[in-house]
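S.K.: To start, I am sharing the structure in question, which I have written as structure tokens.
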Amino acid sequence: MISLTWQWLIDPATWTGPGGIIAQSITHLRISVVALVLAALVAVPVGLFIGHTGRGRWLAINLAGAFRAIPSLGVLFVATLLLLPRLSGDLAFELPVVLVLVLLAVPPVLSGTYAGVEAVDPAARDAARGVGMTETQILWQVEFPAALPLLISGLRSAMLQIIATATIAAIVGIGGLGRYLIDGQASRQYEVMAGGAIVVALLALLVDLVMAGVQRIVVSPGLVVAKEH
Amino acid sequence: MIRFESVTKRYPDGTTAVDDLSLEVPRGGITVFVGPSGCGKTTSLRMINRMVEPTEGRILINDEDVADRKPARLRRSIGYVIQHAGLFPHRTVLANVMTVPTLIGWDKGRARTAAMEAIEKVGLTADQASRYPAQLSGGQQQRVGVARALASDPEVVLMDEPFSAVDPLVRTDLQNEVRRLQRELGITVVLVTHDIDEAISLGDHVAVMRQGGHLAQLASPGELLTEPADDFVASFVGKDRGYRKLGFTTTQVESDPEETVALGEDVPAGRGWVLAVDEDGQPLGWVDRQGGSGGPVREEELHRMGSLAEVGDSARVFLDAALSAPSGRGVVVEDGRVVGTVVPERVLEAIRARGGSAA
Amino acid sequence: MIGGVAWSTVGDLLLRHLYLAGVPLLVGLLISLPLGWLATRYRWLAPPMIAGTGLLYTIPSLALFILLPLLLGTRVLDDANVLVAMTLYSVALLTRTVADGLGSVPGATRQAATAMGYGELRRTLVVDLPLAVPVITAGLRVAAVSNVSIVSVAALIGVSQLGQLFTEGFNRNDMGPIVVGIVACVALALVLDAGIALLSRVLTPWLRAGVAR
């Protein structure tokens, strides 16, 4: 079994062509990135607002908890059944998937953002107000940079969940690495399922590493030093 | 009682926290380790109950090397009080104080009785015993910390900056309390502080330490002020040590007789400052009759007294009484009753008569 | 009948779901306690351990469900696959939580306990662990909710639980069972969440004592 999987993985034909790993990885990543960006567009501003004003915190915590409880697979099927007859082309398959992934990604990004803003040293915020910064300046020049570590952590865990769940989305017929799992199961080719599973895990790891690198670059070195001490 | 023999503590990174420290903490009384931060005073304290292990040398309690005892057992036999009390937030005050008696293996009833006794000793009520630490003020929490250290009747109590996190008024209260408890119980207290004033006012013996873990001087507070061993001790003890030294100078200050008046008594204008007392002869305050109109002394025209000097107090207390009284005459009392007043010159004469030097 | 599904079926699937999500949560906690303790006790162990357990989380659940039979030699439809996979996920989340919780105990409290003469194990059990309860239960709540959601994916490999309603509904193009499944899943997650929150309250009476003077 293990050697069959290995053979499948090292076969060049597995990687190239329209149904190859490279093409499926690109599709997988495209859908994932679109979902993450959409989720961030919703969750980051709301998170900053909640963190800065302290308003709606209770609502955000409970809503995020409730969101987490919603099973992605069920929502995926509901969205597909609802939207498939009303849309056409690739969009008909991909839109429900992206919607579900966005739903999945909003809670971690939201809580990462507001927790980041809340964790800002009150003395720093006070000092910023004291030197005459406007609320907007405080938000962008003090709170946002200081919140970045937790915000990016939120994005990273959201991305891990997106990539994992996008695999399941192959069940409704879209492309991506999940195809190997679903099609492999249908045709009882376990080496294909195993190989696909390994590739997805590697992709998730790779993306997480890249995001960790980005986090290193954009987070102020001052914050890193402060954390170490 | 507690003997440090050439004790050195070096950390793996090469820093030396304590360097060849030898000293003896006598039985009974309060011995204070004082010095700037980084002088190794806390490390020295923590080596006594093996919270820190020395690199070289040994520490003996009653001629027994602490290294020969199991750390946990050793610690149970020594009281320990730290800065923020370090109470267990999930346990009630009573349960906190019962900690060591329970660890030693006393049965519940005995542990409970001992804990309640300790709680009362430090001036807390039975009602407070059933509360959680978060429900008490900082000063009360620190009292619980002291009670917890005393509950199993240890011979030795270690205190690491026990009062530095509470406000000054409460601090004075706690200092008096610790002094009283030490006298009452006859225990040996080793206390660490960075505050030289606290060291001098509280300590029977003061060990001044300097950076790098060197002992600069071990002496009584009076000696420290009079004969600092070197420039470091002199500068650490502070600029006004001449004045503070008076705190350890007991002098025979002759007080002058003072005519006192009672409330309601008629005092004419032009008599200057007059001291009012109650029926027991206890001082009430000063009345200003330098000018204006005379008439009966009314309670609302009393001025504050300034500090009082008790017969037998130090020269510093007498001088302070004289300097803080609005009349310029410090009130001297014995058993609460006025026996006379002193002017600053009187105090200075007395100091001069003693040869100007203290201790 | 509700949404075209018999009540008894919903009940059976709900119990199966609780079993597949709940047992791994408890086992995961039992494994995480010593792991988290090790990570706080030996500081150098923490980064590799947190990273290692974090890695587990990058493996998509479907992939893990499929791979485990190969690694464990179990049959594809065996519950053990799901139980082991969910335990791994629980450990991944909870090790960090336990480490954070034990790390949140104030240094002064820990030192005072040592100075009173507590041995290390005893101190961990009677001082550190009770104080870590709020943090640990917060992590347990997240793990419980996410377990319930992830278990439903096991329907794709044919292990029966509430997720089965999703695949059935989807295959028959019938919204009814799917909605019933979602509602039951969310209800189960929320009940578990509330249960753990309640447990946390009961275990930490000192946090509720008013700050009276």
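Just so we're on the same page: first chain in the structure tokens is A, next is B, and so on; residues restart at 1 for each chain, and ligands are numbered from 1 in the order they show up.
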For region 105-109 of chain B, find every residue with an atom within 12 Å (counting only C-alpha atoms), except residues of its own chain fewer than 2 positions away, and show them as a list in words.
M.R.: Arg73, Arg76, Leu94, Ala95, Met98, Thr99, Val100, Pro101, Thr102, Leu103, Ala111, Arg112, Thr113, Ala114, Ala115, Met116, Ala151 and Ser152 of chain B
S.K.: Set out as a tab-separated table a contact list for chain B and chain C with a cut-off of 8 Å, giving each residue of chain B that qualifies its closest atom pair and distance in Å to one decimal, counting only C-alpha atoms, ordered by chain and rising residue number.
M.R.:
residue	atom	partner	partner_atom	distance
B:Asn49	CA	C:Ala115	CA	7.4
B:Met51	CA	C:Ala115	CA	6.9
B:Pro71	CA	C:Gly117	CA	7.3
B:Ala72	CA	C:Gly117	CA	4.1
B:Arg73	CA	C:Gly117	CA	6.1
B:Leu74	CA	C:Gly117	CA	7.3
B:Arg75	CA	C:Gly117	CA	4.7
B:Arg76	CA	C:Gly117	CA	4.7
B:Ile78	CA	C:Met116	CA	7.8
B:Gly79	CA	C:Met116	CA	7.3
B:Tyr80	CA	C:Ala115	CA	6.4
B:Val81	CA	C:Ala112	CA	7.8
B:Ile82	CA	C:Ala112	CA	7.3
B:His84	CA	C:Ala108	CA	7.2
B:Ala85	CA	C:Ala108	CA	7.8
B:Gly86	CA	C:Thr109	CA	4.4
B:Leu87	CA	C:Thr109	CA	6.0
B:Phe88	CA	C:Thr109	CA	6.0
B:Pro89	CA	C:Trp206	CA	7.0
B:His90	CA	C:Trp206	CA	5.3
B:Arg91	CA	C:Trp206	CA	7.3
B:Thr99	CA	C:Met116	CA	7.6
B:Val100	CA	C:Met116	CA	6.2
B:Leu103	CA	C:Gly117	CA	7.5
B:Tyr132	CA	C:Trp206	CA	6.3
B:Ala134	CA	C:Val211	CA	6.3
B:Gln135	CA	C:Val211	CA	4.4
B:Leu136	CA	C:Arg213	CA	5.7
B:Ser137	CA	C:Arg213	CA	6.7
S.K.: Could you list, as a list in words, the residues of chain A having an atom within 6 Å of chain C when counting only C-alpha atoms?
M.R.: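 Every residue of chain A that passes the 6 Å test is in Ala69, Ile70, Pro71, Gly74, Leu160, Ala164, Ala194, Ala197, Ala201 and Ala204 of chain A.
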S.K.: Report as JSON lines the residues of region 145-189 of chain A within 12 Å of region 132-140 of chain A, each with its shortest atom pair and distance in Å (one decimal), using only C-alpha atoms, ordered by chain and increasing residue number.
M.R.:
{"residue": "A:Pro145", "atom": "CA", "partner": "A:Trp140", "partner_atom": "CA", "distance": 7.2}
{"residue": "A:Ala146", "atom": "CA", "partner": "A:Trp140", "partner_atom": "CA", "distance": 9.5}
{"residue": "A:Ala147", "atom": "CA", "partner": "A:Leu139", "partner_atom": "CA", "distance": 9.8}
{"residue": "A:Leu148", "atom": "CA", "partner": "A:Trp140", "partner_atom": "CA", "distance": 11.0}
S.K.: Residues near Val42 (chain A), anyone? I mean within 10 Å using only C-alpha atoms, not counting same-chain ones fewer than 5 positions away, as a ChimeraX atom specification.
M.R.: /A:36-37,47,102,106,109-110
S.K.: To one decimal place, how far is CA of Val192 (chain A) from CA of Tyr180 (chain A) in Å?
M.R.: 5.9 Å
S.K.: Need to verify the contact set: Ile163 (chain A), 10 Å, only C-alpha atoms, exclusion of same-chain residues closer than 3 positions in sequence. Can you return it as JSON, numbers by chain?
M.R.: {"A": [28, 29, 31, 32, 33, 35, 36, 101, 158, 159, 160, 166, 167, 168, 176, 177, 178, 200, 201, 203, 204, 207], "C": [58, 59, 60]}
S.K.: Those selected residues, please, written with C-alpha atoms and delivered as a PDB file, in the first residue's frame.
M.R.:
ATOM      1  CA  HIS A  28      -7.277  24.551  -4.592  1.00  0.00           C
ATOM      2  CA  LEU A  29      -5.141  27.579  -3.731  1.00  0.00           C
ATOM      3  CA  ILE A  31     -10.431  29.047  -4.180  1.00  0.00           C
ATOM      4  CA  SER A  32      -8.766  29.174  -0.761  1.00  0.00           C
ATOM      5  CA  VAL A  33      -7.160  32.577  -1.301  1.00  0.00           C
ATOM      6  CA  ALA A  35     -12.242  32.812   0.400  1.00  0.00           C
ATOM      7  CA  LEU A  36      -9.588  34.107   2.813  1.00  0.00           C
ATOM      8  CA  LEU A 101     -15.256  28.733   3.295  1.00  0.00           C
ATOM      9  CA  ALA A 158      -8.411  30.426   9.116  1.00  0.00           C
ATOM     10  CA  MET A 159      -6.308  29.443   6.102  1.00  0.00           C
ATOM     11  CA  LEU A 160      -5.563  26.001   7.559  1.00  0.00           C
ATOM     12  CA  ALA A 166     -11.846  22.919   0.472  1.00  0.00           C
ATOM     13  CA  THR A 167     -10.853  19.264   0.175  1.00  0.00           C
ATOM     14  CA  ILE A 168     -14.321  18.192   1.202  1.00  0.00           C
ATOM     15  CA  GLY A 176      -8.902  20.964  -6.250  1.00  0.00           C
ATOM     16  CA  LEU A 177      -6.890  18.373  -4.403  1.00  0.00           C
ATOM     17  CA  GLY A 178     -10.037  16.933  -2.845  1.00  0.00           C
ATOM     18  CA  VAL A 200      -3.089  18.371   0.824  1.00  0.00           C
ATOM     19  CA  ALA A 201      -1.308  18.180   4.178  1.00  0.00           C
ATOM     20  CA  LEU A 203       0.150  22.175   0.760  1.00  0.00           C
ATOM     21  CA  ALA A 204      -1.383  23.305   4.054  1.00  0.00           C
ATOM     22  CA  VAL A 207       1.039  27.840   2.922  1.00  0.00           C
TER      23      VAL A 207
ATOM     24  CA  THR C  58      -2.937  20.957   9.152  1.00  0.00           C
ATOM     25  CA  ILE C  59      -3.978  17.466   8.047  1.00  0.00           C
ATOM     26  CA  PRO C  60      -7.459  17.732   6.537  1.00  0.00           C
TER      27      PRO C  60
END
S.K.: Counting only C-alpha atoms, figure out which residue out of B:Val261, B:Leu246, B:Cys39, B:Leu169 gets nearest to Thr193 (chain B).
M.R.: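 Under the stated criterion, the closest residue is B:Cys39.
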S.K.: I'd like to know which of B:Val343, B:Leu150, B:Ser130, B:Gly203 is closest to Glu117 (chain B), using only C-alpha atoms.
M.R.: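 For Glu117 (chain B), the nearest of the candidates is B:Leu150.
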